[in-house]
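Peer 1: Starting off with a structure, shown below.
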Amino acid sequence: GRAWNLVRRPNGWPVPEDFDLVEFPVSEPAAGRILVRNLHLSVDPYMRGRMNDVKSYVPPFALNEPMTGGAVGEVIATNDDRFAVGDHVLHDLGWRDYADVRADYATKVDASLAPLSTYLGVLGMPGLTAYAGLFEVASFKEGDTVFVSGAAGAVGSQVGQMAKLRGAKRVVGSAGSADKIKLLTESYGFDAAFNYKDEAPVVKQLREVAPEGIDVYFDNVGGEHLEAAISTLNVHGRATLCGAISGYNETEPVPGPRNMMSIIGKRLRLTGILVGDHAHLKTQFVEEVSAWIRSGELKYDETVVEGLENNVDAFLGMLRGHNTGKMIVSVGK
Ligand code: NDP
C-alpha cells in the first residue's frame with residue numbers, strides 16, 4: 001500500500017516538501033480488525049490545523065506517520081464478525097489506499113442508498129455540520145434572513161439550501177469566483193450572492209444584498225467576513241462560528257473584529273460549533289436530507305480529483321478554492 005506522511009510542519013501555506021508518499025506492507029487483519037481498500041478520501045480544512053504542533057480539539061498529526069482523515073472503502077479481508085468481505089465502510093484512515101481499520105471505528109454505509117462519496121460530504125460530516133450549525137446552534141427559525149460565507153463549499157452550499165427549504169425569508173452568500181456566484185443564485189436558490197474577491201469591501205457588498213440586515217450568520221471564513229456580519233446582524237441576531245479558513249495559513253495571530261462593542265447593543269449571540277457534539281442529530285439529519293436529495297430540492301456538487309498521488313494537491317486546491325461543493329480524492333481505479 002501507499003500512504004501520505006507528514007514529514008515537516010508547514011510554515012504558512014503547505015508546500016509539497018512537507019509531505020511524502022511512502023509504501024507500506026499490507027497484511028491480513030488481526031482480531032477485531034478489517035482490511036479496507038479505500039475508494040474515496042476526504043480532504044478537509046481542519047486538517048491544516050492538525051499539521052501544526054499546537055494543542056487543539058484534535059491532536060496534531062505525528063511527523064513521519066500516515067496522516068488520517070475521512071475515507072470510504074470496501075472491506076477486502078475481515079477478522080471481525082460484524083463485517084463481511086464486500087461491505088462498504090466509512091472510517092478515519094484516509095490519505096492511503098489500503099487501511100487496516102479497527103472494526104469498532106468503522107461504520108457500514110450503503111452504496112444502494114447514495115453514491116459512496118456522499119458519505120464524506122452531503123450525507124456525512126460537512127452536511128451534519130451545516131444542519132446542526134444552522135438548526136441547533138444558530139436557532140434558525142422561519143422568516144429569518146441568513147448569510148453564509150464559503151457558500152459554494154461543502155458546508156456552506158448546504159447551509160444556504162437548508163435555510164431556504166425550512167422557510168428563510170432571504171438567503172445570501174459569498175464565495176470567491178463569478179462561476180460560484182452564478183451557481184448559488186441560479187442552481188442553489190440563493191436570493192443573492194457576491195464575490196468577496198471583488199474590490200468593494202465585504203461589508204459594503206453584504207449591505208447591498210441584505211438591505212434589511214441579517215438574522216443569522218453562518219461563518220466559515222472569519223476575518224473581514226465576521227466583522228462585516230457583526231455590523232449587519234439585526235438586534236438579537238445569532239452567528240454560528242464554524243470555521244475561519246481565511247486565517248488557517250497565517251503565521252501570526254489574526255486580528256479580531258473591531259466592532260465587538262455592537263454585540264452588546266444588539267444583544268447578539270455568537271456560538272462556536274464542533275460537529276462532534278451533534279451526533280444525536282445524525283438519524284434525523286440523514287432522513288431529512290436524503291429525502292430532500294431524492295426529491296431534487298437539495299442539490300450538491302463534488303469536485304473529484306483522481307489518484308492518491310494527487311491527494312496533497314487536492315488538499316491545497318481546496319484551501320485555495322478550486323473546489324465547488326465537497327473536494328473528494330478518488331483512489332478506486
Ligand atoms: P469548503 O468545501 O468550503 O472548502 C474551503 C473553501 O474555503 C474553498 O473552496 C474556498 O472557496 C474558501 N476559502 C479559502 N480561503 C478563503 C478566504 N481567505 N476567504 C474566504 N473563503 C476562503 O470546506 P468545508 O465546507 O469542508 O469547510 C468550511 C468551513 O467549515 C471551514 O472553515 C472548516 O474549517 C469549517 N468546518 C468546521 C467544522 C466544525 O465542526 N466546526 C466541521 C466542518 C467544517 P472560495 O472560492 O469561495 O474562496
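Residues are referred to by chain and number: the chain letter is A, B, ... according to the order shown in the C-alpha cells, the number counts from 1 in that chain, and ligands are numbered separately from 1 in the order shown.
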How would you report the residues lying within 7 Å of ligand 1, as a compact mmCIF listing (two decimals) with N, CA and C atoms, in the first residue's frame, if you count only C-alpha atoms and all ligand atoms?

Peer 2:
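And here's selection31.txt as it stands now:
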```txt
# COMPACT_ATOMS: atom_id res chain seq x y z
N ASP A 44 -10.13 18.01 4.12
CA ASP A 44 -10.94 18.98 4.85
C ASP A 44 -10.07 20.09 5.43
N PRO A 45 -10.67 21.28 5.58
CA PRO A 45 -9.91 22.41 6.12
C PRO A 45 -9.27 22.14 7.49
N TYR A 46 -9.97 21.37 8.36
CA TYR A 46 -9.44 21.17 9.71
C TYR A 46 -8.09 20.45 9.71
N MET A 125 -19.98 14.25 7.41
CA MET A 125 -19.57 15.24 8.40
C MET A 125 -19.89 16.69 7.99
N PRO A 126 -19.54 17.11 6.75
CA PRO A 126 -19.86 18.51 6.40
C PRO A 126 -21.36 18.80 6.37
N THR A 129 -22.60 19.19 9.82
CA THR A 129 -22.13 20.48 10.35
C THR A 129 -23.09 21.59 9.95
N GLY A 150 -18.29 31.22 2.50
CA GLY A 150 -17.86 29.92 1.98
C GLY A 150 -19.04 29.20 1.36
N ALA A 151 -19.91 29.95 0.70
CA ALA A 151 -21.24 29.45 0.36
C ALA A 151 -21.26 28.42 -0.76
N ALA A 152 -20.18 28.31 -1.51
CA ALA A 152 -20.16 27.29 -2.57
C ALA A 152 -19.39 26.05 -2.15
N GLY A 153 -18.97 25.99 -0.88
CA GLY A 153 -18.21 24.84 -0.39
C GLY A 153 -19.11 23.75 0.16
N ALA A 154 -18.49 22.72 0.73
CA ALA A 154 -19.23 21.54 1.20
C ALA A 154 -20.26 21.93 2.26
N VAL A 155 -19.84 22.67 3.27
CA VAL A 155 -20.74 23.06 4.36
C VAL A 155 -21.66 24.19 3.89
N GLY A 156 -21.07 25.25 3.34
CA GLY A 156 -21.83 26.46 3.02
C GLY A 156 -22.95 26.23 2.02
N SER A 174 -21.61 34.39 0.14
CA SER A 174 -20.42 34.91 -0.52
C SER A 174 -19.51 33.75 -0.88
N ALA A 175 -18.80 33.94 -2.00
CA ALA A 175 -17.84 32.93 -2.45
C ALA A 175 -16.81 33.64 -3.32
N GLY A 176 -15.80 32.88 -3.79
CA GLY A 176 -14.62 33.51 -4.38
C GLY A 176 -14.50 33.52 -5.88
N SER A 177 -15.58 33.26 -6.63
CA SER A 177 -15.47 33.39 -8.08
C SER A 177 -16.84 33.69 -8.70
N ASN A 220 -17.93 30.54 7.94
CA ASN A 220 -16.93 29.54 7.56
C ASN A 220 -15.56 30.15 7.37
N VAL A 221 -15.48 31.48 7.49
CA VAL A 221 -14.34 32.19 6.93
C VAL A 221 -13.58 33.05 7.94
N CYS A 242 -18.22 28.55 12.70
CA CYS A 242 -17.94 27.17 12.29
C CYS A 242 -16.49 27.01 11.88
N GLY A 243 -15.96 28.01 11.18
CA GLY A 243 -14.58 27.94 10.72
C GLY A 243 -14.08 29.33 10.41
N ALA A 244 -12.77 29.45 10.25
CA ALA A 244 -12.16 30.75 9.96
C ALA A 244 -11.04 30.55 8.95
N ILE A 245 -11.41 29.96 7.80
CA ILE A 245 -10.41 29.49 6.84
C ILE A 245 -9.53 30.61 6.31
N SER A 246 -10.00 31.86 6.36
CA SER A 246 -9.17 32.95 5.83
C SER A 246 -7.87 33.08 6.63
N GLY A 247 -7.82 32.50 7.84
CA GLY A 247 -6.61 32.63 8.65
C GLY A 247 -5.80 31.35 8.82
N ILE A 273 -19.18 26.00 17.06
CA ILE A 273 -19.72 24.64 16.89
C ILE A 273 -18.57 23.67 16.67
N LEU A 274 -18.69 22.50 17.26
CA LEU A 274 -17.88 21.34 16.84
C LEU A 274 -18.88 20.26 16.46
N VAL A 275 -18.77 19.78 15.24
CA VAL A 275 -19.78 18.85 14.73
C VAL A 275 -19.88 17.60 15.60
N GLY A 276 -18.77 17.21 16.21
CA GLY A 276 -18.76 16.02 17.06
C GLY A 276 -19.75 16.08 18.22
N MET A 318 -8.24 22.70 -2.40
CA MET A 318 -9.42 23.02 -1.58
C MET A 318 -9.17 24.29 -0.78
N LEU A 319 -7.99 24.41 -0.17
CA LEU A 319 -7.70 25.62 0.62
C LEU A 319 -7.70 26.87 -0.26
N ARG A 320 -7.39 26.69 -1.55
CA ARG A 320 -7.33 27.83 -2.48
C ARG A 320 -8.66 28.09 -3.16
N GLY A 321 -9.66 27.23 -2.92
CA GLY A 321 -10.97 27.46 -3.53
C GLY A 321 -11.17 26.80 -4.88
N HIS A 322 -10.34 25.81 -5.22
CA HIS A 322 -10.52 25.13 -6.51
C HIS A 322 -11.72 24.19 -6.53
N ASN A 323 -12.31 23.97 -5.36
CA ASN A 323 -13.46 23.05 -5.27
C ASN A 323 -14.78 23.82 -5.35
N THR A 324 -15.77 23.12 -5.93
CA THR A 324 -17.16 23.55 -5.80
C THR A 324 -17.86 22.42 -5.08
N GLY A 325 -18.49 22.71 -3.95
CA GLY A 325 -19.00 21.63 -3.11
C GLY A 325 -17.84 20.87 -2.49
N LYS A 326 -18.08 19.60 -2.20
CA LYS A 326 -17.10 18.80 -1.44
C LYS A 326 -15.91 18.36 -2.29
N MET A 327 -14.70 18.57 -1.81
CA MET A 327 -13.50 18.08 -2.50
C MET A 327 -13.26 16.63 -2.10
```

Peer 1: Which residues are close to Val137 in chain A, i.e. within 9 Å by only C-alpha atoms, leaving aside same-chain residues fewer than 6 positions away? Reply as a PyMOL selection string.

Peer 2: chain A and resi 238-240+271-273

Peer 1: Just list as a PyMOL selection string whatever in range 74-285 of chain A DSSP marks as strand (DSSP E or B).

Peer 2: chain A and resi 74-78+88-91+93+96+98-102+107-109+145-148+153+170-175+192-195+214-219+233-241+269-272

Peer 1: Using CA of Leu120 in chain A and CA of Arg96 in chain A as the two end points, give the distance in Å to one decimal.

Peer 2: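 Going from CA of Leu120 in chain A over to CA of Arg96 in chain A, I get 15.5 Å.
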
Peer 1: Between CA of Asp92 in chain A and CA of Lys282 in chain A, what is the distance in Å, rounded to a tenth?

Peer 2: 17.4 Å

Peer 1: List every residue of range 177-244 of chain A that DSSP, applied to the backbone of this structure, places in helix (DSSP H, G or I), and write the result as a PyMOL selection string.

Peer 2: chain A and resi 178-186+202-209+223-232

Peer 1: What is the CA of Leu184 in chain A to CA of Val172 in chain A distance in Å?

Peer 2: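 Interatomic distance here is 8.8 Å.
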
Peer 1: When you count only C-alpha atoms, which of these residues is closest to Asn234 in chain A: A:Phe285, A:Phe147, A:Trp292, A:Tyr105?

Peer 2: A:Phe147

Peer 1: Neighbours of Glu288 in chain A within 12 Å (only C-alpha atoms; same-chain residues fewer than 4 positions away dropped), as a ChimeraX atom specification?

Peer 2: /A:122-123,127-128,131,162,165-166,281-284,292-295,297-298

Peer 1: Identify which of the residues A:Asp198, A:Asp301, A:Glu136, A:Asp179 lies closest to Gln158 in chain A, counting only C-alpha atoms when measuring atom-to-atom distances.

Peer 2: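 Nearest to Gln158 in chain A: A:Asp301.
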
Peer 1: Might you pull out every residue within 9 Å of Ala168 in chain A, with only C-alpha atoms counted and same-chain residues fewer than 4 positions away left off, and present them as a PyMOL selection string?

Peer 2: chain A and resi 140-146+162-164

Peer 1: Select, from A:Met47, A:Val254, A:Ala114, A:Leu233, the residue with the minimum atom-to-atom distance to Arg267 in chain A, counting only C-alpha atoms.

Peer 2: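 Comparing A:Met47, A:Val254, A:Ala114, A:Leu233 against Arg267 in chain A, the winner is A:Leu233.
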
Peer 1: Select from range 286-328 of chain A every residue with an atom at most 9 Å from any atom of range 2-12 of chain A, then for each give the shortest pair of atoms and their distance in Å to one decimal, using only C-alpha atoms, rows by chain and rising number, as a Markdown table.

Peer 2:
```
| residue | atom | partner | partner_atom | distance |
| --- | --- | --- | --- | --- |
| A:Leu308 | CA | A:Ala3 | CA | 8.2 |
| A:Glu309 | CA | A:Trp4 | CA | 8.7 |
| A:Asn311 | CA | A:Trp4 | CA | 8.1 |
| A:Val312 | CA | A:Trp4 | CA | 8.2 |
```

Peer 1: For Val329 in chain A, which residue among A:Ala130, A:Val148, A:Ile264, A:Ala71 is the nearest when counting only C-alpha atoms?

Peer 2: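 Ranking A:Ala130, A:Val148, A:Ile264, A:Ala71 by distance to Val329 in chain A, first place goes to A:Ala71.
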
Peer 1: Could you pull the residues within 12 Å of Glu74 in chain A, counting only C-alpha atoms, minus those fewer than 6 positions along the same chain, as a VMD selection string?

Peer 2: chain A and resid 34 to 40 83 to 91 97 to 101 106 to 111 116 331 to 332

Peer 1: Would you mind telling me which residue in A:Glu65, A:Glu212, A:Asp81, A:Asp219 lies nearest to Gly32 in chain A when using only C-alpha atoms?

Peer 2: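 Checking each of A:Glu65, A:Glu212, A:Asp81, A:Asp219 against Gly32 in chain A, counting only C-alpha atoms, the winner is A:Asp81.
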